[in-house]
>>> print(open('target.cif').read())   # mmCIF, C-alpha atoms and all ligand atoms
data_input
#
loop_
_atom_site.label_atom_id
_atom_site.label_comp_id
_atom_site.auth_asym_id
_atom_site.auth_seq_id
_atom_site.Cartn_x
_atom_site.Cartn_y
_atom_site.Cartn_z
CA MET A 1 141.37 59.64 257.95
CA ARG A 2 142.19 57.23 255.10
CA LYS A 3 140.38 53.88 255.17
CA PRO A 4 142.94 51.13 254.53
CA VAL A 5 142.48 48.72 251.65
CA ILE A 6 143.67 45.12 251.89
CA ALA A 7 143.54 43.53 248.45
CA GLY A 8 144.36 39.97 247.46
CA ASN A 9 145.74 39.37 243.97
CA TRP A 10 145.06 35.75 243.08
CA LYS A 11 147.01 36.04 239.83
CA MET A 12 146.53 33.05 237.47
CA TYR A 13 145.63 30.64 240.26
CA LYS A 14 142.47 28.70 241.15
CA SER A 15 139.79 26.98 239.14
CA LEU A 16 136.28 28.39 239.44
CA GLY A 17 135.44 25.89 242.15
CA GLU A 18 138.58 26.70 244.13
CA ALA A 19 137.98 30.42 243.81
CA VAL A 20 134.43 30.12 245.14
CA GLU A 21 135.58 27.83 247.94
CA THR A 22 138.28 30.30 249.04
CA ALA A 23 135.94 33.29 248.80
CA LEU A 24 133.27 31.56 250.86
CA ALA A 25 135.83 30.48 253.45
CA LEU A 26 137.08 34.07 253.68
CA LYS A 27 133.64 35.63 254.12
CA PRO A 28 133.01 34.79 257.80
CA LEU A 29 136.67 35.29 258.72
CA VAL A 30 136.63 38.96 257.69
CA ALA A 31 132.97 39.75 258.38
CA ASN A 32 133.86 42.08 261.26
CA ALA A 33 136.67 43.88 259.46
CA ASN A 34 135.13 47.34 259.36
CA HIS A 35 138.48 49.08 259.65
CA CYS A 36 139.40 48.42 256.02
CA GLU A 37 138.08 47.67 252.54
CA VAL A 38 138.61 44.01 251.66
CA VAL A 39 139.15 43.20 247.99
CA ILE A 40 139.98 39.99 246.13
CA ALA A 41 141.03 39.72 242.48
CA PRO A 42 140.26 36.29 240.99
CA VAL A 43 140.95 35.37 237.36
CA PHE A 44 138.48 36.85 234.85
CA THR A 45 136.55 33.61 234.48
CA ALA A 46 135.74 33.49 238.20
CA ILE A 47 134.76 37.12 238.77
CA LYS A 48 131.05 36.78 238.09
CA THR A 49 130.46 33.72 240.24
CA VAL A 50 132.67 34.94 243.08
CA ALA A 51 131.02 38.39 243.05
CA ASP A 52 127.56 36.80 243.08
CA ARG A 53 128.45 34.54 245.98
CA LEU A 54 129.90 37.48 247.94
CA GLU A 55 126.97 39.78 247.33
CA GLY A 56 125.95 41.55 250.54
CA SER A 57 129.28 40.82 252.21
CA ASN A 58 132.07 43.29 252.94
CA ILE A 59 134.37 41.69 250.34
CA LYS A 60 134.57 43.44 247.00
CA VAL A 61 135.88 41.94 243.78
CA ALA A 62 138.56 43.29 241.43
CA GLY A 63 139.78 42.51 237.96
CA GLN A 64 143.52 41.95 237.61
CA ASP A 65 143.74 44.03 234.43
CA CYS A 66 141.50 45.62 231.81
CA SER A 67 141.74 46.73 228.21
CA THR A 68 143.03 50.12 227.11
CA GLU A 69 139.89 50.24 224.97
CA VAL A 70 136.70 51.68 226.36
CA GLU A 71 134.36 50.48 223.61
CA GLU A 72 133.72 46.86 222.71
CA GLY A 73 135.24 45.81 219.40
CA ALA A 74 137.62 43.56 217.53
CA HIS A 75 140.29 43.10 220.23
CA THR A 76 140.79 39.38 220.67
CA GLY A 77 141.59 38.38 224.23
CA GLU A 78 140.75 41.74 225.78
CA VAL A 79 138.15 42.61 228.41
CA THR A 80 136.89 46.17 228.90
CA ALA A 81 136.49 47.81 232.27
CA SER A 82 132.74 48.04 231.71
CA MET A 83 132.63 44.27 231.11
CA LEU A 84 134.38 43.80 234.46
CA LYS A 85 131.84 46.08 236.10
CA ASP A 86 129.01 44.22 234.39
CA VAL A 87 130.04 40.97 236.08
CA GLY A 88 130.43 42.48 239.53
CA ALA A 89 133.96 43.88 239.78
CA ARG A 90 134.23 47.22 241.56
CA TYR A 91 138.02 47.59 241.41
CA VAL A 92 140.69 46.82 238.86
CA ILE A 93 144.44 46.35 239.28
CA VAL A 94 146.40 48.13 236.56
CA GLY A 95 150.13 48.15 235.78
CA HIS A 96 151.15 45.20 237.92
CA SER A 97 154.88 44.54 237.50
CA GLU A 98 154.17 41.10 236.02
CA ARG A 99 152.16 42.78 233.26
CA ARG A 100 154.86 45.41 232.79
CA GLN A 101 157.64 42.79 232.63
CA ILE A 102 156.05 39.80 230.92
CA TYR A 103 153.47 41.54 228.73
CA CYS A 104 155.42 44.70 227.90
CA GLU A 105 152.94 47.01 229.59
CA THR A 106 154.12 50.62 229.27
CA ASP A 107 153.26 53.75 231.22
CA MET A 108 151.25 54.82 228.20
CA SER A 109 149.10 51.70 228.18
CA VAL A 110 148.78 51.88 231.97
CA SER A 111 147.53 55.45 231.61
CA LYS A 112 144.94 54.42 229.01
CA LYS A 113 143.75 51.58 231.23
CA VAL A 114 143.47 53.91 234.23
CA LYS A 115 141.33 56.30 232.21
CA ALA A 116 139.21 53.49 230.77
CA ALA A 117 138.56 52.07 234.24
CA LEU A 118 137.73 55.46 235.72
CA SER A 119 135.35 56.24 232.90
CA ASP A 120 133.47 53.08 233.77
CA GLY A 121 133.32 53.94 237.44
CA LEU A 122 135.77 51.38 238.81
CA PHE A 123 138.27 52.01 241.58
CA VAL A 124 141.76 51.64 240.14
CA ILE A 125 144.68 50.07 242.00
CA MET A 126 147.64 51.31 239.97
CA CYS A 127 150.93 49.55 240.72
CA VAL A 128 154.37 51.14 240.63
CA GLY A 129 157.75 49.86 241.78
CA GLU A 130 161.40 49.58 240.92
CA SER A 131 163.54 46.52 240.13
CA LEU A 132 166.43 45.44 242.33
CA GLU A 133 168.92 46.70 239.78
CA GLN A 134 167.24 50.10 239.68
CA ARG A 135 167.26 50.30 243.49
CA GLU A 136 170.91 49.31 243.67
CA GLN A 137 171.74 51.99 241.12
CA GLY A 138 169.97 54.59 243.27
CA LYS A 139 167.24 55.08 240.68
CA ALA A 140 164.24 53.85 242.67
CA GLU A 141 162.63 57.26 243.21
CA ASN A 142 163.16 58.33 239.60
CA VAL A 143 161.62 55.13 238.30
CA VAL A 144 158.59 55.38 240.58
CA ALA A 145 158.11 59.10 239.81
CA GLY A 146 158.21 58.27 236.08
CA GLN A 147 155.60 55.54 236.51
CA LEU A 148 153.38 57.91 238.51
CA ASN A 149 153.70 60.74 236.01
CA GLY A 150 153.09 58.38 233.08
CA GLY A 151 150.21 56.42 234.59
CA LEU A 152 148.38 59.38 236.09
CA ASN A 153 148.83 61.57 233.06
CA GLY A 154 145.80 63.73 232.26
CA LEU A 155 143.76 62.93 235.35
CA THR A 156 141.74 65.69 236.94
CA ALA A 157 140.46 66.23 240.46
CA PRO A 158 137.18 64.25 240.29
CA ASP A 159 139.10 61.17 239.06
CA LEU A 160 141.49 61.12 241.97
CA ASP A 161 139.00 59.84 244.56
CA ARG A 162 138.95 56.50 242.76
CA ILE A 163 142.71 56.14 242.41
CA ILE A 164 144.55 53.86 244.81
CA LEU A 165 148.28 53.37 244.35
CA ALA A 166 150.24 50.24 245.21
CA TYR A 167 153.98 50.51 245.75
CA GLU A 168 155.34 47.08 244.90
CA PRO A 169 159.12 46.88 244.69
CA VAL A 170 159.70 44.19 242.07
CA TRP A 171 162.46 42.62 244.18
CA ALA A 172 159.94 41.94 246.95
CA ILE A 173 157.20 40.29 244.87
CA GLY A 174 156.94 36.57 245.40
CA THR A 175 160.49 36.45 246.73
CA GLY A 176 159.84 36.31 250.45
CA ARG A 177 162.01 39.41 250.70
CA THR A 178 159.84 42.23 252.06
CA ALA A 179 160.84 45.86 252.11
CA THR A 180 161.33 46.86 255.73
CA PRO A 181 158.54 49.06 257.09
CA GLU A 182 161.02 51.97 257.02
CA GLN A 183 162.03 51.36 253.38
CA ALA A 184 158.38 51.15 252.37
CA GLN A 185 157.45 54.24 254.41
CA GLU A 186 160.23 56.22 252.76
CA MET A 187 158.91 55.44 249.27
CA HIS A 188 155.27 55.94 250.28
CA ALA A 189 156.09 59.39 251.66
CA PHE A 190 157.91 60.16 248.40
CA ILE A 191 154.89 59.00 246.35
CA ARG A 192 152.59 61.23 248.42
CA ARG A 193 154.91 64.21 247.82
CA VAL A 194 154.96 63.56 244.05
CA PHE A 195 151.16 63.25 244.06
CA ALA A 196 150.82 66.51 246.03
CA GLU A 197 153.04 68.31 243.51
CA ARG A 198 151.08 66.89 240.56
CA HIS A 199 147.64 67.48 242.04
CA SER A 200 147.08 69.08 245.45
CA SER A 201 148.01 68.49 249.06
CA GLY A 202 144.34 67.69 249.79
CA ALA A 203 144.27 64.98 247.13
CA ALA A 204 147.59 63.61 248.38
CA ASP A 205 146.31 63.49 251.97
CA ALA A 206 143.29 61.47 250.86
CA LEU A 207 145.26 59.09 248.60
CA ARG A 208 145.50 55.46 249.72
CA ILE A 209 148.94 53.99 249.04
CA LEU A 210 149.17 50.23 249.49
CA TYR A 211 152.38 48.29 249.96
CA GLY A 212 152.88 45.03 248.08
CA GLY A 213 155.70 42.52 248.14
CA SER A 214 155.72 39.38 250.29
CA VAL A 215 153.18 40.72 252.77
CA LYS A 216 152.40 37.98 255.31
CA PRO A 217 150.46 37.70 258.57
CA ASP A 218 153.67 38.26 260.53
CA ASN A 219 154.80 41.47 258.82
CA ILE A 220 151.52 43.30 258.12
CA ALA A 221 151.27 45.01 261.52
CA GLY A 222 154.76 46.51 261.22
CA LEU A 223 154.00 47.80 257.74
CA MET A 224 150.62 49.22 258.78
CA SER A 225 152.20 51.06 261.71
CA GLN A 226 153.85 53.43 259.22
CA PRO A 227 152.03 56.73 258.67
CA ASP A 228 151.97 56.59 254.86
CA ILE A 229 151.10 52.90 254.41
CA ASP A 230 147.36 52.61 253.88
CA GLY A 231 146.96 48.94 253.20
CA ALA A 232 148.44 46.07 251.25
CA LEU A 233 148.28 44.33 247.91
CA VAL A 234 148.90 40.69 248.73
CA GLY A 235 149.81 37.93 246.30
CA GLY A 236 150.87 34.54 247.66
CA ALA A 237 149.45 34.99 251.16
CA SER A 238 146.02 35.89 249.77
CA LEU A 239 145.53 32.48 248.18
CA LYS A 240 144.57 30.83 251.47
CA ALA A 241 141.54 32.22 253.30
CA ASP A 242 143.09 31.91 256.75
CA SER A 243 146.36 33.70 255.97
CA PHE A 244 144.59 36.46 254.04
CA ALA A 245 142.08 36.84 256.88
CA GLN A 246 144.95 37.20 259.36
CA ILE A 247 146.36 40.00 257.20
CA VAL A 248 142.97 41.72 256.96
CA ASN A 249 142.50 41.36 260.73
CA TYR A 250 145.97 42.69 261.52
CA ARG A 251 144.60 44.92 264.25
CA SER A 252 142.95 42.22 266.38
C1 LIG B 1 151.60 40.80 244.08
O1 LIG B 1 151.48 39.95 243.24
O2 LIG B 1 151.07 41.91 243.88
C2 LIG B 1 152.39 40.51 245.27
C3 LIG B 1 152.65 41.48 246.08
O3 LIG B 1 152.77 39.19 245.45
P1 LIG B 1 153.42 38.56 246.80
O4 LIG B 1 152.58 39.05 247.95
O5 LIG B 1 153.34 37.10 246.60
O6 LIG B 1 154.82 39.08 246.88
#
>>> encode(input="target.cif", output="structure tokens")
Amino acid sequence: MRKPVIAGNWKMYKSLGEAVETALALKPLVANANHCEVVIAPVFTAIKTVADRLEGSNIKVAGQDCSTEVEEGAHTGEVTASMLKDVGARYVIVGHSERRQIYCETDMSVSKKVKAALSDGLFVIMCVGESLEQREQGKAENVVAGQLNGGLNGLTAPDLDRIILAYEPVWAIGTGRTATPEQAQEMHAFIRRVFAERHSSGAADALRILYGGSVKPDNIAGLMSQPDIDGALVGGASLKADSFAQIVNYRS
């Protein structure tokens, strides 16, 4: 039985005060959500304070990215996975499509980040997903398989327990256009097959695959009813405590 993960990606939104306010508002609203892991990813500068204020709660904190470098050093603007862990993050999002598109993230850098994060004991949420053009050209599966093979390159069995994948079709992110539950299920089942071929059917059965792309309180239940959808990575609708809590509490 795979425990779902509902993760909120706050992107480059919220001052420190706003981040704390939202996190504290969320805390009681999801306090009884034992059916899933609840994760929020504030900006770097808010991680420490938010994690401290959530200590003892069932909400865990994630970084939105980390460096490819494991050791500290002369890398202006970078933050290592161990620095994220040091300030209270337990998860890190890697390979988000905004980083791939705007900051030229490649499968090779994603792979290095995945390894760096695993070596520091973080759970990794690695994002994959095709653009609209790639989908319309019938290339969606090839693109996603390439991202999986590139990003997961060189991982061995003990690492896999801390890998979570997020399928986020680029055409559905921040657009209000969600993949239908059937479209998402089809790609999630494909991802699980690719993972089984790369690793083992046992590892694939245990793998959590989140869907991301305009997830809202009114579409989460349909998505979660699919057998291969194990949670959600939520952008816009995670910014308000009440809408994110409704997504977390999709079963009640
Ligand atoms: C995201 O940023 O990962 C995302 C899925 O955003 P949204 O929910 O706003 O589409």
>>> residues_near_ligand(input="target.cif", ligand="ligand LIG 1 (chain B)", cutoff="6 Å", atoms="all atoms listed in the file", output="number ranges by chain")
A: 9, 172-174, 212-215, 233-236
>>> write_last_selection(input="target.cif", atoms="C-alpha atoms", output="PDB file, keeping the file's coordinate frame")
ATOM      1  CA  ASN A   9     145.740  39.370 243.970  1.00  0.00           C
ATOM      2  CA  ALA A 172     159.940  41.940 246.950  1.00  0.00           C
ATOM      3  CA  ILE A 173     157.200  40.290 244.870  1.00  0.00           C
ATOM      4  CA  GLY A 174     156.940  36.570 245.400  1.00  0.00           C
ATOM      5  CA  GLY A 212     152.880  45.030 248.080  1.00  0.00           C
ATOM      6  CA  GLY A 213     155.700  42.520 248.140  1.00  0.00           C
ATOM      7  CA  SER A 214     155.720  39.380 250.290  1.00  0.00           C
ATOM      8  CA  VAL A 215     153.180  40.720 252.770  1.00  0.00           C
ATOM      9  CA  LEU A 233     148.280  44.330 247.910  1.00  0.00           C
ATOM     10  CA  VAL A 234     148.900  40.690 248.730  1.00  0.00           C
ATOM     11  CA  GLY A 235     149.810  37.930 246.300  1.00  0.00           C
ATOM     12  CA  GLY A 236     150.870  34.540 247.660  1.00  0.00           C
TER      13      GLY A 236
END
>>> residues_around(input="target.cif", residues="range 195-199 of chain A", least_positions_apart="4", cutoff="9 Å", atoms="only C-alpha atoms", output="PyMOL selection string")
chain A and resi 148-149+155-157+160+190-191+203-205+207
>>> atom_distance(input="target.cif", atom1="CA of Lys240 in chain A", atom2="CA of Met187 in chain A")
28.6 Å
>>> closest_residue(input="target.cif", among="A:Ser82, A:Gln64, A:Ser238, A:Thr180", to="Val94 in chain A", atoms="all atoms listed in the file")
A:Gln64
>>> atom_distance(input="target.cif", atom1="CA of Thr49 in chain A", atom2="CA of His75 in chain A")
24.2 Å
>>> residues_around(input="target.cif", residues="Arg135 in chain A", least_positions_apart="2", cutoff="12 Å", atoms="only C-alpha atoms", output="mmCIF file with C-alpha atoms, keeping the file's coordinate frame")
data_model
loop_
_atom_site.group_PDB
_atom_site.id
_atom_site.type_symbol
_atom_site.label_atom_id
_atom_site.label_comp_id
_atom_site.auth_asym_id
_atom_site.auth_seq_id
_atom_site.Cartn_x
_atom_site.Cartn_y
_atom_site.Cartn_z
ATOM 1 C CA GLY A 129 157.750 49.860 241.780
ATOM 2 C CA GLU A 130 161.400 49.580 240.920
ATOM 3 C CA SER A 131 163.540 46.520 240.130
ATOM 4 C CA LEU A 132 166.430 45.440 242.330
ATOM 5 C CA GLU A 133 168.920 46.700 239.780
ATOM 6 C CA GLN A 137 171.740 51.990 241.120
ATOM 7 C CA GLY A 138 169.970 54.590 243.270
ATOM 8 C CA LYS A 139 167.240 55.080 240.680
ATOM 9 C CA ALA A 140 164.240 53.850 242.670
ATOM 10 C CA GLU A 141 162.630 57.260 243.210
ATOM 11 C CA ASN A 142 163.160 58.330 239.600
ATOM 12 C CA VAL A 143 161.620 55.130 238.300
ATOM 13 C CA VAL A 144 158.590 55.380 240.580
ATOM 14 C CA PRO A 169 159.120 46.880 244.690
ATOM 15 C CA VAL A 170 159.700 44.190 242.070
ATOM 16 C CA TRP A 171 162.460 42.620 244.180
ATOM 17 C CA ALA A 172 159.940 41.940 246.950
ATOM 18 C CA ALA A 179 160.840 45.860 252.110
ATOM 19 C CA GLN A 183 162.030 51.360 253.380
ATOM 20 C CA MET A 187 158.910 55.440 249.270
#
>>> closest_residue(input="target.cif", among="A:Arg208, A:Asp65, A:Ala33, A:Ser15", to="Tyr103 in chain A", atoms="all atoms listed in the file")
A:Asp65
>>> residues_around(input="target.cif", residues="Cys127 in chain A", least_positions_apart="2", cutoff="8 Å", atoms="all atoms listed in the file", output="list in words")
Ile93, Val94, Gly95, His96, Ser97, Ile125, Gly129, Leu165, Ala166, Tyr167 and Glu168 of chain A
>>> decode(input="target.cif", residues="range 40-120 of chain A", atoms="C-alpha atoms", output="tab-separated table (two decimals), in the first residue's frame")
chain	number	residue	atom	x	y	z
A	40	ILE	CA	5.03	22.35	1.72
A	41	ALA	CA	7.90	23.95	-0.19
A	42	PRO	CA	8.43	27.62	0.76
A	43	VAL	CA	11.21	29.79	-0.69
A	44	PHE	CA	14.68	29.08	0.74
A	45	THR	CA	14.61	32.07	3.05
A	46	ALA	CA	11.47	30.84	4.82
A	47	ILE	CA	12.37	27.17	5.25
A	48	LYS	CA	14.02	27.42	8.65
A	49	THR	CA	11.32	29.49	10.32
A	50	VAL	CA	8.46	27.54	8.75
A	51	ALA	CA	10.05	24.20	9.69
A	52	ASP	CA	10.60	25.39	13.26
A	53	ARG	CA	7.02	26.58	13.58
A	54	LEU	CA	5.72	23.27	12.20
A	55	GLU	CA	7.87	21.09	14.41
A	56	GLY	CA	5.84	18.25	15.90
A	57	SER	CA	3.09	18.61	13.31
A	58	ASN	CA	2.33	16.27	10.41
A	59	ILE	CA	3.48	18.86	7.84
A	60	LYS	CA	6.97	18.40	6.46
A	61	VAL	CA	9.00	21.02	4.64
A	62	ALA	CA	10.71	20.78	1.24
A	63	GLY	CA	13.22	22.81	-0.68
A	64	GLN	CA	12.21	23.76	-4.23
A	65	ASP	CA	15.65	22.93	-5.64
A	66	CYS	CA	19.19	22.17	-4.49
A	67	SER	CA	22.70	22.40	-5.86
A	68	THR	CA	24.34	19.72	-7.96
A	69	GLU	CA	27.26	20.09	-5.57
A	70	VAL	CA	27.44	18.01	-2.43
A	71	GLU	CA	30.26	19.90	-0.72
A	72	GLU	CA	30.16	23.54	0.29
A	73	GLY	CA	32.35	25.80	-1.84
A	74	ALA	CA	32.61	28.74	-4.18
A	75	HIS	CA	29.21	28.43	-5.92
A	76	THR	CA	27.52	31.80	-5.62
A	77	GLY	CA	23.76	31.57	-5.26
A	78	GLU	CA	23.66	27.83	-4.66
A	79	VAL	CA	22.36	25.89	-1.66
A	80	THR	CA	23.40	22.30	-0.97
A	81	ALA	CA	20.98	19.56	-0.01
A	82	SER	CA	22.71	19.24	3.37
A	83	MET	CA	22.12	22.97	3.98
A	84	LEU	CA	18.43	22.39	3.29
A	85	LYS	CA	18.43	19.49	5.72
A	86	ASP	CA	20.27	21.59	8.28
A	87	VAL	CA	17.43	24.13	8.33
A	88	GLY	CA	14.67	21.54	8.60
A	89	ALA	CA	13.79	20.43	5.07
A	90	ARG	CA	13.13	16.72	4.68
A	91	TYR	CA	12.22	16.72	0.98
A	92	VAL	CA	13.46	18.54	-2.08
A	93	ILE	CA	11.79	19.13	-5.45
A	94	VAL	CA	14.18	18.57	-8.33
A	95	GLY	CA	13.75	19.12	-12.08
A	96	HIS	CA	10.60	21.22	-11.95
A	97	SER	CA	9.63	22.28	-15.49
A	98	GLU	CA	10.12	25.95	-14.59
A	99	ARG	CA	13.74	25.17	-13.71
A	100	ARG	CA	14.15	23.09	-16.86
A	101	GLN	CA	12.63	25.82	-19.07
A	102	ILE	CA	13.73	29.08	-17.48
A	103	TYR	CA	17.03	28.00	-15.91
A	104	CYS	CA	18.16	25.50	-18.54
A	105	GLU	CA	18.11	22.55	-16.16
A	106	THR	CA	19.15	19.38	-18.01
A	107	ASP	CA	18.62	15.72	-17.24
A	108	MET	CA	22.29	15.60	-16.32
A	109	SER	CA	22.00	18.35	-13.72
A	110	VAL	CA	18.74	16.84	-12.46
A	111	SER	CA	20.55	13.53	-12.00
A	112	LYS	CA	23.36	15.19	-10.05
A	113	LYS	CA	20.85	16.98	-7.83
A	114	VAL	CA	18.95	13.74	-7.20
A	115	LYS	CA	22.17	12.04	-6.12
A	116	ALA	CA	23.25	14.99	-3.98
A	117	ALA	CA	19.89	15.06	-2.21
A	118	LEU	CA	19.85	11.31	-1.63
A	119	SER	CA	23.37	11.38	-0.26
A	120	ASP	CA	22.18	13.88	2.32
